[in-house]
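Asker: Pasting work.cif here (mmCIF, C-alpha atoms):
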data_final
#
loop_
_atom_site.label_atom_id
_atom_site.label_comp_id
_atom_site.auth_asym_id
_atom_site.auth_seq_id
_atom_site.Cartn_x
_atom_site.Cartn_y
_atom_site.Cartn_z
CA MET A 1 17.55 -71.13 2.12
CA MET A 2 17.23 -71.46 5.85
CA PRO A 3 13.63 -71.27 7.18
CA LYS A 4 12.82 -68.28 9.37
CA ARG A 5 12.94 -69.24 13.05
CA ASN A 6 10.31 -67.89 15.41
CA ASN A 7 11.36 -68.85 18.91
CA GLY A 8 11.63 -66.78 22.12
CA PHE A 9 10.38 -63.26 22.90
CA THR A 10 11.05 -59.88 21.50
CA PHE A 11 12.70 -57.42 23.85
CA VAL A 12 9.43 -55.50 24.37
CA GLU A 13 7.57 -58.71 25.26
CA LEU A 14 10.25 -59.60 27.77
CA ILE A 15 10.15 -56.19 29.42
CA LEU A 16 6.35 -56.31 29.64
CA ALA A 17 6.30 -59.82 31.10
CA VAL A 18 8.99 -59.03 33.67
CA SER A 19 7.19 -55.81 34.69
CA LEU A 20 3.86 -57.62 35.09
CA SER A 21 5.49 -60.44 37.02
CA ALA A 22 7.20 -57.98 39.34
CA PHE A 23 3.93 -56.10 39.89
CA LEU A 24 1.92 -59.24 40.65
CA LEU A 25 4.64 -60.76 42.81
CA THR A 26 4.77 -57.56 44.86
CA ILE A 27 1.02 -57.71 45.44
CA ALA A 28 1.04 -61.45 46.13
CA GLY A 29 4.01 -61.07 48.48
CA GLY A 30 2.18 -58.33 50.37
CA PHE A 31 -0.89 -60.50 50.75
CA LEU A 32 1.14 -63.48 51.86
CA PHE A 33 2.90 -61.35 54.47
CA ASN A 34 -0.45 -59.95 55.66
CA MET A 35 -1.94 -63.42 55.84
CA THR A 36 0.99 -64.68 57.91
CA GLU A 37 0.61 -61.73 60.28
CA PHE A 38 -3.15 -62.21 60.38
CA SER A 39 -2.81 -65.92 61.10
CA ALA A 40 -0.33 -65.32 63.95
CA ARG A 41 -2.57 -62.61 65.41
CA ALA A 42 -5.68 -64.79 65.13
CA ILE A 43 -3.95 -67.67 66.95
CA ALA A 44 -2.68 -65.36 69.71
CA ASP A 45 -6.12 -63.70 70.01
CA SER A 46 -7.88 -67.03 70.24
CA LEU A 47 -5.55 -68.22 73.00
CA THR A 48 -5.86 -65.00 75.02
CA SER A 49 -9.61 -64.96 74.46
CA ARG A 50 -9.98 -68.50 75.82
CA GLN A 51 -7.77 -67.67 78.81
CA LEU A 52 -9.85 -64.57 79.48
CA GLU A 53 -13.12 -66.57 79.31
CA PHE A 54 -11.61 -69.17 81.62
CA CYS A 55 -10.58 -66.49 84.15
CA ILE A 56 -14.03 -64.88 84.07
CA GLU A 57 -15.95 -68.12 84.47
CA THR A 58 -13.63 -69.35 87.23
CA LEU A 59 -13.92 -66.00 89.04
CA ARG A 60 -17.70 -65.99 88.67
CA LYS A 61 -18.05 -69.48 90.18
CA GLU A 62 -15.50 -68.85 92.91
CA ILE A 63 -17.04 -65.55 94.00
CA GLN A 64 -20.52 -67.11 94.09
CA GLU A 65 -19.24 -69.98 96.20
CA SER A 66 -17.00 -67.90 98.47
CA ARG A 67 -17.56 -68.06 102.19
CA THR A 68 -17.79 -64.60 103.70
CA ASP A 69 -18.27 -63.81 107.35
CA GLY A 70 -18.01 -60.18 108.38
CA THR A 71 -17.52 -61.10 112.01
CA ASP A 72 -14.57 -63.42 111.44
CA PRO A 73 -11.46 -61.92 109.77
CA LEU A 74 -10.48 -65.40 108.61
CA TYR A 75 -13.43 -65.41 106.23
CA ALA A 76 -13.26 -61.75 105.18
CA PHE A 77 -13.59 -60.87 101.53
CA LEU A 78 -10.57 -58.65 100.87
CA GLY A 79 -10.04 -56.19 98.06
CA GLY A 80 -7.13 -53.90 97.20
CA ASP A 81 -5.09 -52.56 94.29
CA GLY A 82 -5.52 -55.21 91.59
CA THR A 83 -6.22 -57.84 94.24
CA ILE A 84 -9.14 -59.75 95.67
CA SER A 85 -8.93 -62.53 98.19
CA PHE A 86 -11.61 -64.76 99.69
CA ALA A 87 -12.22 -68.01 101.54
CA THR A 88 -13.94 -70.95 99.94
CA SER A 89 -14.67 -74.60 100.55
CA ARG A 90 -15.21 -75.44 96.87
CA THR A 91 -13.12 -78.20 95.38
CA GLU A 92 -10.02 -76.79 93.81
CA ILE A 93 -10.11 -77.08 90.04
CA ILE A 94 -6.73 -75.85 88.92
CA ALA A 95 -4.16 -77.50 91.18
CA ARG A 96 -6.33 -80.19 92.70
CA SER A 97 -3.59 -82.70 93.45
CA GLU A 98 -1.36 -80.17 95.19
CA VAL A 99 -3.84 -78.31 97.33
CA PRO A 100 -5.07 -79.66 100.64
CA ARG A 101 -8.78 -80.27 101.20
CA GLY A 102 -10.93 -78.17 103.45
CA TYR A 103 -11.22 -74.39 103.54
CA LEU A 104 -8.96 -72.52 101.17
CA ARG A 105 -8.06 -68.90 100.64
CA ILE A 106 -7.90 -67.84 97.03
CA GLU A 107 -6.21 -64.69 95.85
CA TRP A 108 -6.40 -63.14 92.39
CA HIS A 109 -3.55 -60.72 91.97
CA PHE A 110 -2.35 -58.40 89.23
CA ASP A 111 1.43 -58.23 88.93
CA GLU A 112 2.06 -54.82 87.40
CA ALA A 113 5.75 -55.42 86.69
CA ARG A 114 5.09 -58.62 84.76
CA GLY A 115 1.72 -57.53 83.37
CA THR A 116 0.06 -60.75 84.49
CA LEU A 117 -3.02 -61.84 86.39
CA GLY A 118 -2.19 -64.64 88.78
CA ARG A 119 -4.21 -66.84 91.07
CA SER A 120 -2.89 -68.26 94.33
CA VAL A 121 -4.54 -70.84 96.49
CA GLY A 122 -3.61 -72.25 99.86
CA ALA A 123 -5.07 -73.79 102.98
CA LEU A 124 -6.90 -71.33 105.19
CA SER A 125 -4.82 -70.89 108.28
CA ARG A 126 -6.09 -69.20 111.42
CA SER A 127 -2.53 -68.64 112.59
CA ASP A 128 -1.83 -65.89 110.07
CA GLY A 129 -5.32 -65.23 108.74
CA ARG A 130 -4.13 -65.80 105.21
CA ALA A 131 -3.27 -68.70 103.01
CA GLY A 132 -0.57 -71.04 104.26
CA LYS A 133 1.69 -72.51 101.59
CA THR A 134 0.27 -71.20 98.36
CA HIS A 135 0.25 -72.57 94.85
CA SER A 136 0.28 -69.89 92.20
CA ILE A 137 -0.38 -69.85 88.52
CA GLU A 138 -0.29 -67.09 85.92
CA LEU A 139 -3.54 -67.05 83.99
CA LEU A 140 -3.45 -63.96 81.81
CA LYS A 141 -0.58 -62.02 80.24
CA ASN A 142 0.02 -58.73 78.40
CA ILE A 143 -2.02 -56.67 80.85
CA GLU A 144 -1.28 -52.98 81.18
CA ARG A 145 -3.79 -52.15 83.92
CA LEU A 146 -6.18 -54.20 86.01
CA SER A 147 -8.58 -52.99 88.63
CA PHE A 148 -11.42 -54.35 90.71
CA TRP A 149 -14.49 -52.21 91.45
CA ARG A 150 -17.16 -52.63 94.10
CA TYR A 151 -20.84 -51.84 93.61
CA ASP A 152 -22.84 -50.65 96.61
CA GLY A 153 -26.21 -51.04 94.86
CA LYS A 154 -26.08 -47.60 93.25
CA LYS A 155 -22.59 -46.76 92.05
CA TRP A 156 -19.26 -48.34 91.17
CA PHE A 157 -16.16 -47.49 93.21
CA PRO A 158 -12.58 -48.54 92.40
CA ILE A 159 -11.00 -50.76 95.01
CA THR A 160 -7.61 -49.28 95.87
CA GLY A 161 -4.91 -49.48 98.52
CA SER A 162 -3.85 -52.43 100.63
CA PRO A 163 -6.26 -55.37 100.80
CA THR A 164 -9.06 -54.63 103.25
CA SER A 165 -12.49 -56.04 103.88
CA ILE A 166 -15.21 -54.83 101.45
CA PRO A 167 -18.40 -55.79 103.29
CA ASP A 168 -20.66 -53.30 101.46
CA ALA A 169 -19.93 -54.72 97.98
CA VAL A 170 -22.99 -56.33 96.41
CA ALA A 171 -21.29 -56.79 93.05
CA LEU A 172 -17.71 -56.79 91.88
CA LYS A 173 -16.37 -55.51 88.56
CA LEU A 174 -13.17 -56.58 86.84
CA GLU A 175 -11.66 -54.10 84.40
CA ILE A 176 -8.64 -55.10 82.33
CA THR A 177 -6.69 -52.92 79.93
CA PHE A 178 -4.49 -55.01 77.67
CA ARG A 179 -1.19 -53.80 76.25
CA SER A 180 -1.57 -52.34 72.79
CA ASP A 181 -1.86 -54.96 70.03
CA ALA A 182 -2.44 -57.69 72.60
CA SER A 183 -6.13 -57.22 73.24
CA PRO A 184 -8.35 -60.19 72.35
CA VAL A 185 -11.40 -57.95 72.31
CA SER A 186 -12.51 -55.06 70.13
CA GLN A 187 -10.73 -52.44 72.17
CA GLN A 188 -8.00 -52.56 74.72
CA THR A 189 -10.24 -52.38 77.77
CA PHE A 190 -12.39 -55.30 78.86
CA SER A 191 -14.94 -55.13 81.61
CA THR A 192 -17.38 -57.50 83.28
CA ALA A 193 -19.02 -57.90 86.68
CA PHE A 194 -20.03 -60.57 89.17
CA VAL A 195 -22.73 -60.61 91.80
CA MET A 196 -21.50 -61.20 95.32
CA PRO A 197 -23.08 -64.05 97.27
CA ARG A 198 -26.01 -62.89 99.40
CA MET B 1 19.27 -83.78 2.37
CA LEU B 2 18.32 -83.27 5.97
CA LYS B 3 15.13 -81.41 6.46
CA ARG B 4 15.34 -78.98 9.36
CA LEU B 5 12.26 -79.00 11.48
CA SER B 6 10.58 -75.69 12.21
CA MET B 7 10.92 -74.94 15.92
CA LYS B 8 8.41 -72.85 17.82
CA SER B 9 9.46 -72.67 21.46
CA GLY B 10 8.63 -70.04 24.11
CA VAL B 11 5.33 -68.32 24.80
CA THR B 12 3.55 -65.43 23.21
CA LEU B 13 2.68 -62.23 25.00
CA LEU B 14 -0.98 -63.27 24.93
CA GLU B 15 -0.17 -66.48 26.81
CA VAL B 16 1.82 -64.54 29.39
CA LEU B 17 -1.06 -62.10 29.84
CA VAL B 18 -3.55 -64.97 30.31
CA ALA B 19 -1.26 -66.54 32.92
CA MET B 20 -0.93 -63.20 34.70
CA GLY B 21 -4.70 -62.80 34.64
CA ILE B 22 -5.12 -66.17 36.33
CA VAL B 23 -2.53 -65.23 38.98
CA ALA B 24 -4.34 -61.94 39.54
CA LEU B 25 -7.64 -63.80 39.99
CA VAL B 26 -6.08 -66.11 42.59
CA VAL B 27 -4.53 -63.18 44.45
CA GLY B 28 -7.85 -61.34 44.34
CA ALA B 29 -9.74 -64.35 45.71
CA THR B 30 -7.15 -64.78 48.47
CA SER B 31 -7.43 -61.15 49.47
CA GLN B 32 -11.22 -61.47 49.61
CA GLY B 33 -10.82 -64.49 51.88
CA THR B 34 -8.39 -62.63 54.14
CA ALA B 35 -10.74 -59.65 54.34
CA PHE B 36 -13.66 -61.96 55.21
CA LEU B 37 -11.69 -63.71 57.95
CA SER B 38 -10.46 -60.40 59.31
CA ARG B 39 -14.04 -59.12 59.42
CA LYS B 40 -15.19 -62.27 61.25
CA LEU B 41 -12.38 -61.84 63.78
CA VAL B 42 -13.48 -58.27 64.51
CA GLU B 43 -17.13 -59.37 64.77
CA GLY B 44 -16.15 -62.09 67.23
CA ARG B 45 -14.22 -59.63 69.38
CA LEU B 46 -17.12 -57.17 69.44
CA ALA B 47 -19.58 -59.93 70.37
CA GLN B 48 -17.28 -61.09 73.19
CA THR B 49 -17.09 -57.55 74.57
CA ALA B 50 -20.88 -57.21 74.26
CA ARG B 51 -21.42 -60.46 76.20
CA ALA B 52 -19.12 -59.28 78.99
CA LEU B 53 -20.87 -55.89 79.15
CA ALA B 54 -24.28 -57.59 79.22
CA GLN B 55 -23.09 -59.73 82.13
CA GLN B 56 -21.87 -56.59 83.86
CA LYS B 57 -25.22 -54.88 83.40
CA LEU B 58 -27.07 -57.95 84.64
CA ALA B 59 -24.85 -58.14 87.73
CA GLU B 60 -25.66 -54.47 88.41
CA LEU B 61 -29.38 -55.14 88.04
CA GLU B 62 -29.22 -58.26 90.17
CA ALA B 63 -27.57 -56.26 92.95
CA SER B 64 -29.79 -53.17 92.67
CA THR B 65 -33.29 -52.20 93.58
CA LEU B 66 -35.21 -52.88 90.38
CA VAL B 67 -37.46 -50.18 89.00
CA LYS B 68 -40.05 -50.81 86.31
CA GLY B 69 -39.68 -48.92 83.03
CA ASN B 70 -37.63 -48.52 79.88
CA PHE B 71 -34.07 -47.30 80.13
CA ALA B 72 -31.15 -46.68 77.80
CA GLY B 73 -27.52 -45.78 78.30
CA ASP B 74 -23.91 -46.48 77.45
CA PHE B 75 -20.94 -48.15 79.07
CA GLY B 76 -18.65 -45.13 79.45
CA ASP B 77 -15.73 -43.72 77.51
CA ASP B 78 -13.89 -47.03 77.38
CA PHE B 79 -16.67 -48.55 75.27
CA PRO B 80 -17.81 -45.81 72.89
CA ARG B 81 -19.30 -48.28 70.37
CA PHE B 82 -21.61 -49.95 72.87
CA THR B 83 -25.00 -48.87 74.16
CA TYR B 84 -27.80 -50.70 75.92
CA ARG B 85 -31.57 -50.67 76.13
CA LEU B 86 -33.33 -52.08 79.14
CA ALA B 87 -36.96 -52.90 79.80
CA VAL B 88 -38.00 -53.92 83.31
CA ASP B 89 -41.54 -55.06 83.94
CA SER B 90 -43.42 -57.11 86.53
CA ALA B 91 -43.26 -60.82 85.93
CA ASN B 92 -46.76 -62.10 85.24
CA SER B 93 -48.39 -65.46 85.50
CA ARG B 94 -51.82 -65.70 83.87
CA ASP B 95 -52.02 -61.91 83.83
CA VAL B 96 -51.37 -61.71 87.56
CA SER B 97 -48.08 -60.02 88.51
CA ILE B 98 -45.78 -61.94 90.85
CA PRO B 99 -44.59 -59.71 93.70
CA GLY B 100 -40.82 -59.28 93.88
CA LEU B 101 -40.16 -60.84 90.49
CA PHE B 102 -39.27 -58.84 87.39
CA ASP B 103 -39.11 -59.59 83.71
CA VAL B 104 -35.89 -58.01 82.44
CA ARG B 105 -35.09 -57.53 78.75
CA LEU B 106 -31.61 -56.26 78.00
CA THR B 107 -30.29 -55.39 74.55
CA VAL B 108 -26.65 -54.44 74.01
CA GLU B 109 -26.04 -52.75 70.67
CA TRP B 110 -22.75 -51.92 69.01
CA ASN B 111 -21.52 -50.55 65.74
CA ASP B 112 -18.27 -50.57 63.85
CA SER B 113 -17.23 -49.17 60.51
CA TYR B 114 -19.22 -51.84 58.65
CA ALA B 115 -22.47 -52.50 60.45
CA THR B 116 -24.58 -52.37 63.59
CA ASP B 117 -25.25 -55.50 65.58
CA SER B 118 -26.96 -56.36 68.83
CA LEU B 119 -27.27 -58.98 71.51
CA GLY B 120 -30.56 -59.45 73.33
CA LEU B 121 -31.41 -61.43 76.39
CA GLU B 122 -34.44 -61.83 78.62
CA THR B 123 -34.45 -63.14 82.14
CA PHE B 124 -36.36 -62.99 85.40
CA LEU B 125 -34.75 -61.29 88.36
CA ALA B 126 -35.91 -61.36 91.95
CA GLU B 127 -35.85 -58.16 93.94
CA TYR B 128 -32.57 -57.81 95.79
CA PRO B 129 -33.29 -58.43 99.47
CA SER B 130 -32.86 -55.48 101.79
CA ASP B 131 -30.60 -55.81 104.86
CA ALA B 132 -33.65 -56.35 107.05
CA GLU B 133 -34.78 -59.27 104.92
CA THR B 134 -31.36 -60.95 104.76
CA GLU B 135 -30.77 -60.87 108.50
#
Mind turning this structure into structure tokens?

Answerer:
Amino acid sequence: MMPKRNNGFTFVELILAVSLSAFLLTIAGGFLFNMTEFSARAIADSLTSRQLEFCIETLRKEIQESRTDGTDPLYAFLGGDGTISFATSRTEIIARSEVPRGYLRIEWHFDEARGTLGRSVGALSRSDGRAGKTHSIELLKNIERLSFWRYDGKKWFPITGSPTSIPDAVALKLEITFRSDASPVSQQTFSTAFVMPR
Amino acid sequence: MLKRLSMKSGVTLLEVLVAMGIVALVVGATSQGTAFLSRKLVEGRLAQTARALAQQKLAELEASTLVKGNFAGDFGDDFPRFTYRLAVDSANSRDVSIPGLFDVRLTVEWNDSYATDSLGLETFLAEYPSDAETE
């Protein structure tokens, strides 16, 4: 008589195992997908966050060390729609090898079409009152709106229109609204301020 | 006569269930880790915003006429989670106040769906010079 063989599963066991596997794999797959998304988002956030910190610290130092002279248009501190521009004698930190020494005019400019914040620097030229040959670099991307505000000691006012002198500004505020899902901060709008040199 | 060996291959339902349990534990632990990291990311973002808002408030104070007292407020509709508390007092040295110098204590507080947190800083600010003094 042949001995009874007991190998393999019954049909019910197989159905149960396959169902459980499918259930767990669905959950695990969801988590893996979420983790991949999370990882990509965290890397992008970290990069944007560092670029934002770099912009803020650079702006803070540059504004503090700007040379402003209300009586000489060459050294005017200009502000307009998404733009500020000022003269400085500080050593250039971003494009040191390309930029001539001496007085420079630096411009921070929001390009609405591209959604970027750029910084241009060039030699200060009395012939046109603005920077000569400029060197530009894009420092921040995915921006929906960017505005500069001036503080007169009591209230904040948005700086709008073509770049003009803002002699009454004692502090300057930068407000950035990032495109949705691109903000490195808790909400889409980021805001900070800088004291103008006295 | 050849003796046929008894074969017992495959796994029982109990073994499969144990294996599934282990997989479920691993998935659970991974999800906990992801939730923790996600939470830390949000906390980091909120703290970065709070630092920037604190800098903004300090810039305002540095460029304003300082008034002694305790104040509180918010940062507008764009930052509904953030509020601040401000205490401005005369700066003292050996119980003698120093004219034109203020002790400023600023606390920025924020809350999200999980918890409330805050960032505090204390600094000395000199009175912003009037136009007559700067000329």

Asker: Give me the chain B side of the contact with chain A, cut-off 6 Å, one line per residue showing its nearest atom pair and distance in Å at one decimal, counting only C-alpha atoms, sorted by chain and residue number, as a Markdown table.

Answerer:
| residue | atom | partner | partner_atom | distance |
| --- | --- | --- | --- | --- |
| B:Lys8 | CA | A:Asn7 | CA | 5.1 |
| B:Ser9 | CA | A:Asn7 | CA | 5.0 |
| B:Gly10 | CA | A:Gly8 | CA | 4.9 |
| B:Arg45 | CA | A:Val185 | CA | 4.4 |
| B:Leu46 | CA | A:Ser186 | CA | 5.1 |
| B:Ala52 | CA | A:Thr192 | CA | 5.0 |
| B:Leu53 | CA | A:Thr192 | CA | 5.6 |
| B:Gln56 | CA | A:Ala193 | CA | 4.2 |
| B:Ala59 | CA | A:Val195 | CA | 5.2 |
| B:Ala63 | CA | A:Gly153 | CA | 5.7 |
| B:Ser64 | CA | A:Gly153 | CA | 4.7 |

Asker: Write to file, as a compact mmCIF listing (two decimals), keeping the file's coordinate frame, the residues of the selection just made, with C-alpha atoms.

Answerer:
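Written output follows (again_28.txt):
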# COMPACT_ATOMS: atom_id res chain seq x y z
CA LYS B 8 8.41 -72.85 17.82
CA SER B 9 9.46 -72.67 21.46
CA GLY B 10 8.63 -70.04 24.11
CA ARG B 45 -14.22 -59.63 69.38
CA LEU B 46 -17.12 -57.17 69.44
CA ALA B 52 -19.12 -59.28 78.99
CA LEU B 53 -20.87 -55.89 79.15
CA GLN B 56 -21.87 -56.59 83.86
CA ALA B 59 -24.85 -58.14 87.73
CA ALA B 63 -27.57 -56.26 92.95
CA SER B 64 -29.79 -53.17 92.67

Asker: Applied to this file, what does the PyMOL selection byres ((chain B and resi 112) around 12) return in terms of residues, put as a VMD selection string?

Answerer: (chain A and resid 186 to 187) or (chain B and resid 39 42 to 43 45 to 47 79 to 82 109 to 111 113 to 118)

Asker: Rounded to one decimal, what separation in Å do you get between CA of Gly73 in chain B and CA of Pro158 in chain A?

Answerer: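 Computed distance, CA of Gly73 in chain B to CA of Pro158 in chain A, equals 20.7 Å.
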
Asker: May I ask for the distance between CA of Pro163 in chain A and CA of Gly76 in chain B, given in Å to one decimal place?

Answerer: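 Answer for the CA of Pro163 in chain A to CA of Gly76 in chain B separation: 26.7 Å.
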
Asker: So what do you get for CA of Glu65 in chain A versus CA of Phe157 in chain A, distance-wise?

Answerer: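 So the answer is 22.9 Å.
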
Asker: Would you compute, for all listed atoms of range 68-84 of chain B, the axis-aligned bounding box grown by 6 Å on each side, and then report its centre and edge lengths in Å rounded to one decimal, as JSON?

Answerer:
{"center_x": -27.0, "center_y": -47.3, "center_z": 78.3, "size_x": 38.2, "size_y": 19.1, "size_z": 27.9}

Asker: Under the PyMOL selection byres ((chain B and resi 65) around 7), which residues of this model are included? Write them out as a list in words.

Answerer: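 This file, filtered by the PyMOL selection byres ((chain B and resi 65) around 7), leaves Ser64, Leu66, Val67, Glu127 and Tyr128 of chain B.
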
Asker: Produce a file of the selected residues containing C-alpha atoms, as a PDB file, in the frame of the given file.

Answerer:
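File part_3.pdb, as written:
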ATOM      1  CA  SER B  64     -29.790 -53.170  92.670  1.00  0.00           C
ATOM      2  CA  LEU B  66     -35.210 -52.880  90.380  1.00  0.00           C
ATOM      3  CA  VAL B  67     -37.460 -50.180  89.000  1.00  0.00           C
ATOM      4  CA  GLU B 127     -35.850 -58.160  93.940  1.00  0.00           C
ATOM      5  CA  TYR B 128     -32.570 -57.810  95.790  1.00  0.00           C
TER       6      TYR B 128
END

Asker: Have a look at B:Ser31, B:Thr83, B:Ser90, B:Thr12 and name the one nearest to Thr107 in chain B; count all atoms listed in the file.

Answerer: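 Closest to Thr107 in chain B of all the choices is B:Thr83.
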